[in-house]
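Right, one structure below, let's go through it.
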Amino acid sequence: MALWIQAQQLQGDALHQMQSLYGQHFPIEVRHYLAQWLEAQPWDAIDLENQQDEFKAKRLLDGLIQELQRKAEHQMGEDGFLLKIKLGHYATQLKSSYDPCPLELVRCVKHILYTEQRLVQEASNASSPGLGPVDGTPQRYQQINQTFEELRVMTQDTENDLRKLQHSQEYFIIQYQESLRIQAQLSSLASIPPAERVQRESGLQSRKSTLEAWLTREANTLQKYRQELAEKHQRTLALLRKQQTVIVDDELIQWKRRQQLAGNGGPSEGGLDILQAWCEKLADMIWQNRQLIRRVEHLTQQLPIPGPTEELLTDLNATVTDIISALVTSTFIIEKQPPQVLKTQTKFSATVRLLVGGKLNVHMNPPQVKATIISEQQAKALLKNENTRNDSSGEILNNNCVMEYHQTTGTLSAHFRTMSLKRIKRSDRRGAESVTEEKFTVLFESQFSVGGNELVFHVKTLSLPVVVIVHGSQDNNATATVLWDNAFSETGRVPFVVPDKVLWPQLCEALNMKYKSEVQSDRGLSEDNLVFLAQKAFSSSSNNTEDYCNMTITWSQFNRESLPGRNFTFWQWFDGVIELMKRHLKSHWNDGAILGFLNKQQAQDMLMSKPNGTFLLRFSDSEIGGITIAWVAENPNKAERMVWNLMPFTTKDFSIRSLADRISDLNHLLFLYPNQPKEEVFSRYCTPPNSKAVGDGYVKPEIKQVVKVENDSMLDTEGEFDLDETMDMARQVEEFLRQPMETQWRPHLGPPRSPDTLNCSLFKLII
C-alpha cells in the first residue's frame, strides 16, 4: 500500500504530527496530488553533504515543478479551475524557494517521507503488536512511546495539583490577611468606651480564634500538599531519568556503535530523526517539570511554612538541572564522522548536530563549534576532567563553524566542509608501535545558553579515532588500525583501548564485513574462504573450521609480524586482495568466477580430476594483490598431465588488459572450473575487436596475450611461468601504443626480436 494512503489513515497525535510536517515550505496539497511521483524518486541516493550531488537535486526539483504544472493543466471544470490556479501557484512558490538551494528540497522531502513512514510503522505496531519484526525493535519503540505517554499524564497530573495548591494558598493568604485585619481591629478597641469595647472585643476574639484554628489546619494541609507535590516530582524525575537512560545510553549509544561499524563496511547507522524526536520530547518534558518545580519554589517563598519541603525542592532543582544538562551534553553528536584515515594537507568534512537544539531554541543565538585534533593521551585527560585547555596535537584549517537551523527538518547542525590538517605533532611511540598505530581524535566543542541565560552549557564530543598519514603508502597499515579499533572497541572504554587479541571468529566477521563493503558484493567470504585465511594467519594445515573456533589472533599476527617466508603481514596480503577486486575484478567475483582463496596444492587437487583446458583463478600466496590462472594440460615433454600456473597478475597488469580479454586470448583455456565454457562466463566483459577502417587513415593495433610453451626451461622450479621480462615488454608496448602513430616505428624498443622470441612473449601486436 502506498505510504500516503497509509498516512491518511493516521489518527490522534500521529495525525497531528503528520499534518505539522507541511506548510509554506512544502504544501500538503503537493504531497497529495504528487504522492505516487514523490514516493518513486531516488531521494536517498542524494548525499546532502556532497555539493557534487546538487545537480541531481536540481533535476528532482525541475521534475517536481514539471509534474505540478502537468497536473495543473489536466484540471477541468469549475473545481478544477481553482485547483489549477492553486497548483500553478505552488509550482512557482517551490521553484522560487528551492531553486537557489535544491539540496534543501531533498532534505525537506526526505524528512517528510521518513517521518510519515515512522508514524505509520508506529501506528501499525500499536494496532498489531504481535506482527512486528522478530528483532523486537518496534516493541522497544512502543515501550518508549508508552513511557512518554505515562510521563505526559504524570506531568499533567502534577500541574493540576500545583494549580490546586496555588488556589488553596491564595485563599490561605486572603484568610491570613483577614486575621491581621481582626488583630488590628482588636488593637484599636482601646480608644472606644469600655461598654462598647467589651461587646465588640468578644465578637472579634471569637472570629480570631476560629480563623487562627482554620489557618493552623490549613497551614498543615498546605505543607502536606507541598510534600505530596514534591514526592510526585521525585517520581516523575525518576521516570524521566530512566527514559533518558533508555534513549541516550541505549538507543543513541547503539546508533553510535552502528556508525562505528559502518566505518568497517557495516550497514548504515540509520537516520537520527526518530532519536531527535525522542530527545526533543525528553527536553520538552524535563523543561516543563523544571518550570513546575520553579513555580512550587515561588509559592514556598511567597508563603514560607517551616518543614522539609524546602530541602526537597532544593534537591529536585538540582536533579532536574542535572537531567537537562546530561541530555544536552549527550545529544551533541557527530552526525558525519571525519575520515578515520586522515592525510595531512588534504580537505575533509564532518557534521556535528545538537539533537535538542531546536526544542531549546538554541538557534535563536546560533553557537559556534570549534574542531581541534588531540592525541589519545589528551583524550584520556579530557574525559578525566583534567585541565587540557588549549592543548592540541596539530593544526586544523577552517576549524570553526556556526551551527545552522534547518526549519524544514527542525535540525540544528554545523557542517565543516573544507577542513584540512596542516600539521600533526606525534607523541613518543611505545615499543614496536609504528606511526600508523598512533591514534588521534577530533574534538568538537561549543558553548551556548538556554532559558534566557538561565543555564549555560559547554559541550564537547570526540570523533572516532583517526590515524594520521602523510603519504598514500601508509594507508594500508592505517586502515588496519582503524578496522581493528572499530571492530573490537567496547562501549565506554578509556580512549582508545582495544584488546590485543580476539577470537578468530570475531576477526572473520570483521573481515567479511570489510570485504563485502569494499567489493560491493552480497557474496561474502564462505566458510572455505575463512578456513583458507585461518591457515594463512596461523600457518596451519587443518581444513576443519571447528579447529579455529576457539583460537585467538593477536594484533601482531594481524598486522605487525610478517607471514612466514614473506615480507608482508596477513592484513597487507588481505588488503591487497581487496584492492585488486574492487578495482578490476568485482564483477567476476559477483559472478562466482573467482574462487580466489585457494593454495597451489588445493588448486592442483581440484583440477587434476577435470578435462584438459579446465582452469580456475586463485589469489597469489607470494605477491600482494596478485591473482593467477591455474589450468590442467598435457606436459609436452612428458607423457603426463600437469597443472600449470601463470605468474600472478596485479593491478598494473589489468590496467593494460583486462582479465576477461586475457582469458579470451589464451586458447588453451577452455572451461572455468568445474565445467563452464569460458565464453559463457567472460565473453560479455571482453573488449570488442577494433575495426580495421580507421577514419584518419591509420591502422589501429591491438594487444593480445600469448603463452607458448617450448620446453621446460620456461618454467620456474614450482611450475610457474617466469614472465617478469615479458611483463616489462608488455608495459613498453603500452607506452609505445600511446605515442603518435608516425613516431611509433622508431627503434626505441630495441632491435627486432626473432619470431620465436616474440611468440614467447606475453603480448603481440595484431595489426
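Lettering and numbering for the C-alpha cells are positional, with chains as A, B, ... in the shown order, residues counted from 1 in each chain, and ligands counted from 1 in the shown order.
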Every residue of range 266-435 of chain A that DSSP places in alpha helix (DSSP H), as a ChimeraX atom specification: /A:273-302,309-330,376-383
Shell of 9 Å around Pro505 in chain A, only C-alpha atoms, local chain residues under 6 positions omitted, as a ChimeraX atom specification: /A:548-552
Pairwise distance for CA of Ala660 in chain A and CA of Tyr685 in chain A, rounded to one decimal in Å: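 Atom-to-atom, CA of Ala660 in chain A and CA of Tyr685 in chain A are spaced 5.9 Å apart.
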Who sits within 7 Å of Ala414 in chain A, only C-alpha atoms, same chain under 5 positions skipped, as a ChimeraX atom specification: /A:351-353,401-404
Given only C-alpha atoms as the counted atoms, nearest of A:Trp255, A:Thr147, A:Ser330, A:Lys58 to Pro100 in chain A: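 Nearest candidate to Pro100 in chain A out of A:Trp255, A:Thr147, A:Ser330, A:Lys58: A:Lys58.
The two atoms in question, CA of Phe615 in chain A and CA of Thr651 in chain A, are spaced 20.7 Å apart.
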Strand (DSSP E or B) per DSSP on the backbone: members of range 510-716 of chain A, as a ChimeraX atom specification: /A:552-554,562,569,596,614-619,627-634,641-645,649,671-672,676-677,702-705,715
Restrict the selected residues to N, CA and C atoms and save them as a tab-separated table (two decimals), in the first residue's frame.
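Produced file again-v7.tsv, reproduced below:
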```tsv
chain	number	residue	atom	x	y	z
A	552	THR	N	42.74	-17.67	19.20
A	552	THR	CA	42.81	-16.21	19.23
A	552	THR	C	43.92	-15.73	18.32
A	553	ILE	N	43.69	-14.56	17.75
A	553	ILE	CA	44.70	-13.93	16.90
A	553	ILE	C	45.07	-12.60	17.52
A	554	THR	N	46.35	-12.32	17.59
A	554	THR	CA	46.82	-11.08	18.20
A	554	THR	C	46.96	-9.99	17.15
A	562	SER	N	55.42	-10.29	9.92
A	562	SER	CA	55.28	-10.80	8.55
A	562	SER	C	54.89	-12.27	8.57
A	569	THR	N	52.52	-8.67	5.94
A	569	THR	CA	51.69	-9.20	7.03
A	569	THR	C	50.41	-9.83	6.48
A	596	GLY	N	39.52	-17.84	-5.85
A	596	GLY	CA	40.39	-16.95	-5.11
A	596	GLY	C	41.17	-17.54	-3.96
A	614	THR	N	40.71	-27.14	-18.38
A	614	THR	CA	39.94	-26.61	-17.25
A	614	THR	C	40.85	-25.71	-16.41
A	615	PHE	N	40.36	-24.55	-16.02
A	615	PHE	CA	41.20	-23.60	-15.29
A	615	PHE	C	40.40	-22.97	-14.15
A	616	LEU	N	41.12	-22.37	-13.24
A	616	LEU	CA	40.50	-21.61	-12.15
A	616	LEU	C	41.39	-20.42	-11.81
A	617	LEU	N	40.81	-19.50	-11.05
A	617	LEU	CA	41.52	-18.28	-10.65
A	617	LEU	C	41.71	-18.29	-9.14
A	618	ARG	N	42.94	-18.11	-8.71
A	618	ARG	CA	43.22	-18.08	-7.27
A	618	ARG	C	44.17	-16.93	-6.96
A	619	PHE	N	44.09	-16.44	-5.72
A	619	PHE	CA	44.95	-15.34	-5.29
A	619	PHE	C	46.36	-15.87	-5.02
A	627	ILE	N	46.76	-12.27	-8.65
A	627	ILE	CA	45.85	-13.38	-8.94
A	627	ILE	C	46.45	-14.18	-10.09
A	628	THR	N	46.37	-15.48	-10.00
A	628	THR	CA	46.98	-16.33	-11.02
A	628	THR	C	45.95	-17.25	-11.65
A	629	ILE	N	46.24	-17.68	-12.86
A	629	ILE	CA	45.41	-18.66	-13.56
A	629	ILE	C	46.11	-20.01	-13.45
A	630	ALA	N	45.41	-21.00	-12.94
A	630	ALA	CA	45.92	-22.37	-12.89
A	630	ALA	C	45.07	-23.22	-13.83
A	631	TRP	N	45.70	-24.05	-14.66
A	631	TRP	CA	44.94	-24.90	-15.57
A	631	TRP	C	45.63	-26.25	-15.75
A	632	VAL	N	44.85	-27.22	-16.16
A	632	VAL	CA	45.37	-28.56	-16.34
A	632	VAL	C	45.57	-28.81	-17.85
A	633	ALA	N	46.71	-29.37	-18.19
A	633	ALA	CA	47.02	-29.65	-19.61
A	633	ALA	C	48.13	-30.68	-19.67
A	634	GLU	N	48.39	-31.17	-20.88
A	634	GLU	CA	49.47	-32.13	-21.08
A	634	GLU	C	50.82	-31.43	-20.96
A	641	ARG	N	49.87	-35.50	-17.58
A	641	ARG	CA	49.16	-34.23	-17.39
A	641	ARG	C	49.72	-33.52	-16.17
A	642	MET	N	49.63	-32.20	-16.18
A	642	MET	CA	50.08	-31.45	-15.02
A	642	MET	C	49.28	-30.14	-14.91
A	643	VAL	N	49.38	-29.51	-13.76
A	643	VAL	CA	48.71	-28.22	-13.55
A	643	VAL	C	49.75	-27.12	-13.73
A	644	TRP	N	49.40	-26.16	-14.59
A	644	TRP	CA	50.28	-25.03	-14.89
A	644	TRP	C	49.76	-23.80	-14.14
A	645	ASN	N	50.67	-22.94	-13.75
A	645	ASN	CA	50.31	-21.70	-13.05
A	645	ASN	C	51.01	-20.51	-13.69
A	649	PHE	N	48.99	-11.93	-11.93
A	649	PHE	CA	48.64	-10.63	-12.50
A	649	PHE	C	48.32	-9.68	-11.34
A	671	PHE	N	37.55	-24.38	-20.11
A	671	PHE	CA	36.43	-24.48	-19.17
A	671	PHE	C	36.82	-23.87	-17.82
A	672	LEU	N	35.96	-22.97	-17.33
A	672	LEU	CA	36.16	-22.47	-15.97
A	672	LEU	C	35.69	-23.55	-15.00
A	676	GLN	N	32.26	-24.92	-16.81
A	676	GLN	CA	31.59	-23.89	-17.58
A	676	GLN	C	32.46	-23.45	-18.76
A	677	PRO	N	31.93	-23.46	-20.00
A	677	PRO	CA	32.69	-22.91	-21.12
A	677	PRO	C	33.06	-21.46	-20.82
A	702	GLU	N	46.30	-3.75	-31.80
A	702	GLU	CA	45.72	-4.32	-30.59
A	702	GLU	C	46.82	-5.07	-29.83
A	703	ILE	N	46.58	-5.23	-28.52
A	703	ILE	CA	47.48	-6.04	-27.71
A	703	ILE	C	46.77	-7.32	-27.35
A	704	LYS	N	47.46	-8.44	-27.48
A	704	LYS	CA	46.89	-9.71	-27.07
A	704	LYS	C	47.92	-10.51	-26.28
A	705	GLN	N	47.40	-11.33	-25.39
A	705	GLN	CA	48.28	-12.16	-24.57
A	705	GLN	C	48.58	-13.47	-25.29
A	715	LEU	N	59.77	-22.85	-17.35
A	715	LEU	CA	59.07	-22.97	-16.07
A	715	LEU	C	60.02	-22.70	-14.93
```
Exercise: range 263-273 of chain A partners within 10 Å, only C-alpha atoms, chain neighbours under 4 positions left out, as a ChimeraX atom specification: /A:111,114-115,118,252,254-259,277-279,335,337,339-340,353,355,409-411,464,479,482-487,510-518,520
Near range 620-624 of chain A, 12 Å: range 455-564 of chain A residue rows, closest pairs, only C-alpha atoms, as CSV:
```
residue,atom,partner,partner_atom,distance
A:Asn476,CA,A:Ile624,CA,11.6
A:Phe532,CA,A:Asp621,CA,11.0
A:Leu533,CA,A:Asp621,CA,11.0
A:Gln535,CA,A:Asp621,CA,11.7
A:Lys536,CA,A:Asp621,CA,9.0
A:Leu563,CA,A:Ser622,CA,10.2
A:Pro564,CA,A:Ser622,CA,10.8
```
